[in-house]
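A.B. asks: Handing you this structure, nothing more for now.
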Amino acid sequence: GAVVSQHPSWVICKSGTSVKIECRSLDFQATTMFWYRQFPKQSLMLMATSNEGSKATYEQGVEKDKFLINHASLTLSTLTVTSAHPEDSSFYICSAWTGTAKNIQYFGAGTRLSVL
Amino acid sequence: TQLLEQSPQFLSIQEGENLTVYCNSSSVFSSLQWYRQEPGEGPVLLVTVVTGGEVKKLKRLTFQFGDARKDSSLHITAAQPGDTGLYLCAGHYGQNFVFGPGTRLSVLP
């Protein structure tokens, strides 16, 4: 299957700093990438949908100024958590979709963010 | 808003037992995917089903898509400890995907 690389896998930062998470599709072009947040023992919560070359679409309740998403190319999307606070600590997962009839999302391995 | 429900939410069984988990919706999806996720990792795709009534087998796992494309089931035969994980179903419609809340499976040796 297709490979999606997410980096870093784990990051610890101080409160008030910003953290950037990268999501790359390694062997295919992703017209759309999704960003999810997952709390312990819960399912995935969609944060935003990112289409290459356009602004991301955020789900209700997700602060766009807090979670900046950039999808500058067909293989790279980034999520920046700005002015992180302890309540932003979570597991963030990206996925990439080719937009073809296969309708399959390929997921990254996730990034565990811990804000002190 | 299209919603997916999964049942049971939690399941703990002994090695060798069979089990079935369900994914249900009142909405029609163009396709449905099943994923397994282990702690600290991203979901891994198990199967995608597209046609109503479709049955797919992956070793000891059997997946079925309902005739009306509103529901799906995952049956595991002779479960093993390696099957432990969070099983997620995801429905696809248009350019959207919706995930169910997951079934957390524990297979005890």
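Lettering and numbering for the structure tokens are positional, with chains as A, B, ... in the shown order, residues counted from 1 in each chain, and ligands counted from 1 in the shown order.
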Using 7 Å as the limit and counting only C-alpha atoms, can you tabulate each residue of chain A that touches chain B, with its shortest atom-to-atom distance in Å and the two atoms involved, as a Markdown table?

C.D. replies:
```
| residue | atom | partner | partner_atom | distance |
| --- | --- | --- | --- | --- |
| A:Gln42 | CA | B:Pro101 | CA | 6.8 |
| A:Ser43 | CA | B:Pro101 | CA | 4.8 |
| A:Leu44 | CA | B:Phe99 | CA | 6.9 |
| A:Ile93 | CA | B:Gly42 | CA | 6.6 |
| A:Asn103 | CA | B:His92 | CA | 7.0 |
| A:Phe107 | CA | B:Gly42 | CA | 5.9 |
| A:Gly108 | CA | B:Gly42 | CA | 5.6 |
| A:Ala109 | CA | B:Gly42 | CA | 4.1 |
| A:Gly110 | CA | B:Gly42 | CA | 5.3 |
```

A.B. asks: Find the spatial neighbours of Asp71 (chain B), counting only C-alpha atoms, within a cut-off of 8 Å - ignore same-chain residues fewer than 3 positions away - and output them as a PyMOL selection string.

C.D. replies: chain B and resi 22-25+65-66+68

A.B. asks: For the selection just defined, write its residues with N, CA and C atoms to a file, as a JSON list (two decimals), in the first residue's frame.

C.D. replies:
```json
[["chain", "number", "residue", "atom", "x", "y", "z"],
["B", 22, "TYR", "N", -19.72, -4.81, 14.54],
["B", 22, "TYR", "CA", -20.66, -4.24, 13.59],
["B", 22, "TYR", "C", -20.44, -2.74, 13.42],
["B", 23, "CYS", "N", -20.77, -2.29, 12.23],
["B", 23, "CYS", "CA", -20.66, -0.88, 11.88],
["B", 23, "CYS", "C", -21.96, -0.51, 11.19],
["B", 24, "ASN", "N", -22.72, 0.41, 11.77],
["B", 24, "ASN", "CA", -24.05, 0.70, 11.26],
["B", 24, "ASN", "C", -24.28, 2.19, 11.05],
["B", 25, "SER", "N", -25.10, 2.49, 10.05],
["B", 25, "SER", "CA", -25.45, 3.88, 9.77],
["B", 25, "SER", "C", -26.84, 3.92, 9.14],
["B", 65, "PHE", "N", -20.20, -6.10, 3.45],
["B", 65, "PHE", "CA", -20.86, -4.82, 3.25],
["B", 65, "PHE", "C", -22.34, -5.09, 3.04],
["B", 66, "GLY", "N", -23.19, -4.38, 3.75],
["B", 66, "GLY", "CA", -24.62, -4.62, 3.64],
["B", 66, "GLY", "C", -25.15, -4.34, 2.24],
["B", 68, "ALA", "N", -27.58, -2.66, 1.26],
["B", 68, "ALA", "CA", -27.95, -1.27, 1.05],
["B", 68, "ALA", "C", -26.78, -0.31, 1.25]]
```

A.B. asks: For Leu79 (chain A), which residue among A:Gln105, A:Gln38, A:Ser18, A:Thr98 is the nearest when counting only C-alpha atoms?

C.D. replies: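 Looking only at the distances to Leu79 (chain A), the closest residue turns out to be A:Ser18.
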
A.B. asks: Please identify all polymer residues within 10 Å of region 52-68 of chain A, counting only C-alpha atoms, omitting same-chain residues fewer than 2 positions from it, and present them as a PyMOL selection string.

C.D. replies: chain A and resi 18-20+29-35+45-50+70-84+88

A.B. asks: Once you have the residues from the selection above, write them out as a compact mmCIF listing (two decimals), in the first residue's frame, restricted to N, CA and C atoms.

C.D. replies:
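Result saved to selection-v4.txt:
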```txt
# COMPACT_ATOMS: atom_id res chain seq x y z
N SER A 18 5.41 27.13 19.56
CA SER A 18 4.69 26.56 18.43
C SER A 18 5.37 25.29 17.95
N VAL A 19 4.58 24.38 17.46
CA VAL A 19 5.09 23.09 17.01
C VAL A 19 4.56 22.79 15.61
N LYS A 20 5.46 22.38 14.72
CA LYS A 20 5.05 22.04 13.36
C LYS A 20 5.13 20.54 13.16
N GLN A 29 0.71 11.04 -5.09
CA GLN A 29 0.31 12.43 -4.92
C GLN A 29 -1.05 12.49 -4.25
N ALA A 30 -1.12 13.29 -3.23
CA ALA A 30 -2.35 13.38 -2.43
C ALA A 30 -3.04 14.70 -2.69
N THR A 31 -4.16 14.65 -3.35
CA THR A 31 -4.90 15.88 -3.58
C THR A 31 -5.50 16.42 -2.30
N THR A 32 -5.77 15.51 -1.39
CA THR A 32 -6.39 15.89 -0.13
C THR A 32 -5.69 15.20 1.03
N MET A 33 -5.44 15.96 2.07
CA MET A 33 -4.91 15.39 3.30
C MET A 33 -5.83 15.79 4.44
N PHE A 34 -5.96 14.89 5.39
CA PHE A 34 -6.81 15.12 6.55
C PHE A 34 -5.95 15.15 7.81
N TRP A 35 -6.37 15.98 8.74
CA TRP A 35 -5.71 16.03 10.05
C TRP A 35 -6.71 15.65 11.12
N MET A 45 -10.90 12.17 15.66
CA MET A 45 -11.73 13.35 15.51
C MET A 45 -11.15 14.20 14.39
N LEU A 46 -11.91 14.36 13.33
CA LEU A 46 -11.42 15.15 12.20
C LEU A 46 -11.29 16.61 12.60
N MET A 47 -10.11 17.18 12.35
CA MET A 47 -9.89 18.58 12.65
C MET A 47 -10.09 19.44 11.39
N ALA A 48 -9.50 18.99 10.30
CA ALA A 48 -9.55 19.81 9.09
C ALA A 48 -9.23 18.98 7.87
N THR A 49 -9.72 19.46 6.75
CA THR A 49 -9.43 18.86 5.44
C THR A 49 -8.59 19.84 4.66
N SER A 50 -7.50 19.35 4.13
CA SER A 50 -6.54 20.20 3.44
C SER A 50 -6.43 19.80 1.98
N ASN A 70 -1.05 24.03 6.21
CA ASN A 70 -0.55 24.44 4.91
C ASN A 70 -0.38 23.21 4.04
N HIS A 71 -0.86 23.27 2.81
CA HIS A 71 -0.76 22.13 1.89
C HIS A 71 -0.17 22.66 0.59
N ALA A 72 1.13 22.92 0.65
CA ALA A 72 1.79 23.64 -0.44
C ALA A 72 2.06 22.78 -1.67
N SER A 73 2.10 21.47 -1.48
CA SER A 73 2.38 20.61 -2.63
C SER A 73 1.51 19.36 -2.54
N LEU A 74 1.55 18.56 -3.58
CA LEU A 74 0.73 17.35 -3.61
C LEU A 74 1.28 16.24 -2.72
N THR A 75 2.43 16.49 -2.11
CA THR A 75 3.01 15.45 -1.26
C THR A 75 3.28 15.92 0.16
N LEU A 76 2.94 17.15 0.49
CA LEU A 76 3.28 17.66 1.81
C LEU A 76 2.19 18.56 2.37
N SER A 77 1.79 18.25 3.59
CA SER A 77 0.91 19.12 4.35
C SER A 77 1.51 19.29 5.74
N THR A 78 1.38 20.48 6.29
CA THR A 78 1.89 20.70 7.64
C THR A 78 0.79 21.24 8.55
N LEU A 79 0.89 20.85 9.81
CA LEU A 79 0.00 21.35 10.85
C LEU A 79 0.87 22.04 11.89
N THR A 80 0.61 23.31 12.14
CA THR A 80 1.35 24.04 13.16
C THR A 80 0.43 24.36 14.31
N VAL A 81 0.78 23.87 15.48
CA VAL A 81 0.03 24.19 16.68
C VAL A 81 0.68 25.44 17.27
N THR A 82 -0.01 26.55 17.22
CA THR A 82 0.56 27.82 17.65
C THR A 82 0.28 28.07 19.13
N SER A 83 1.27 28.67 19.80
CA SER A 83 1.13 28.99 21.21
C SER A 83 0.49 27.81 21.97
N ALA A 84 1.18 26.71 21.92
CA ALA A 84 0.63 25.48 22.49
C ALA A 84 0.43 25.60 24.00
N ASP A 88 -3.58 21.21 24.64
CA ASP A 88 -3.35 20.80 23.24
C ASP A 88 -2.62 19.46 23.16
```

A.B. asks: Contacts of Lys59 (chain B) at 10 Å or less, counting only C-alpha atoms, minus same-chain residues fewer than 2 places along, as a ChimeraX atom specification?

C.D. replies: /B:56-57,61-62,76-77
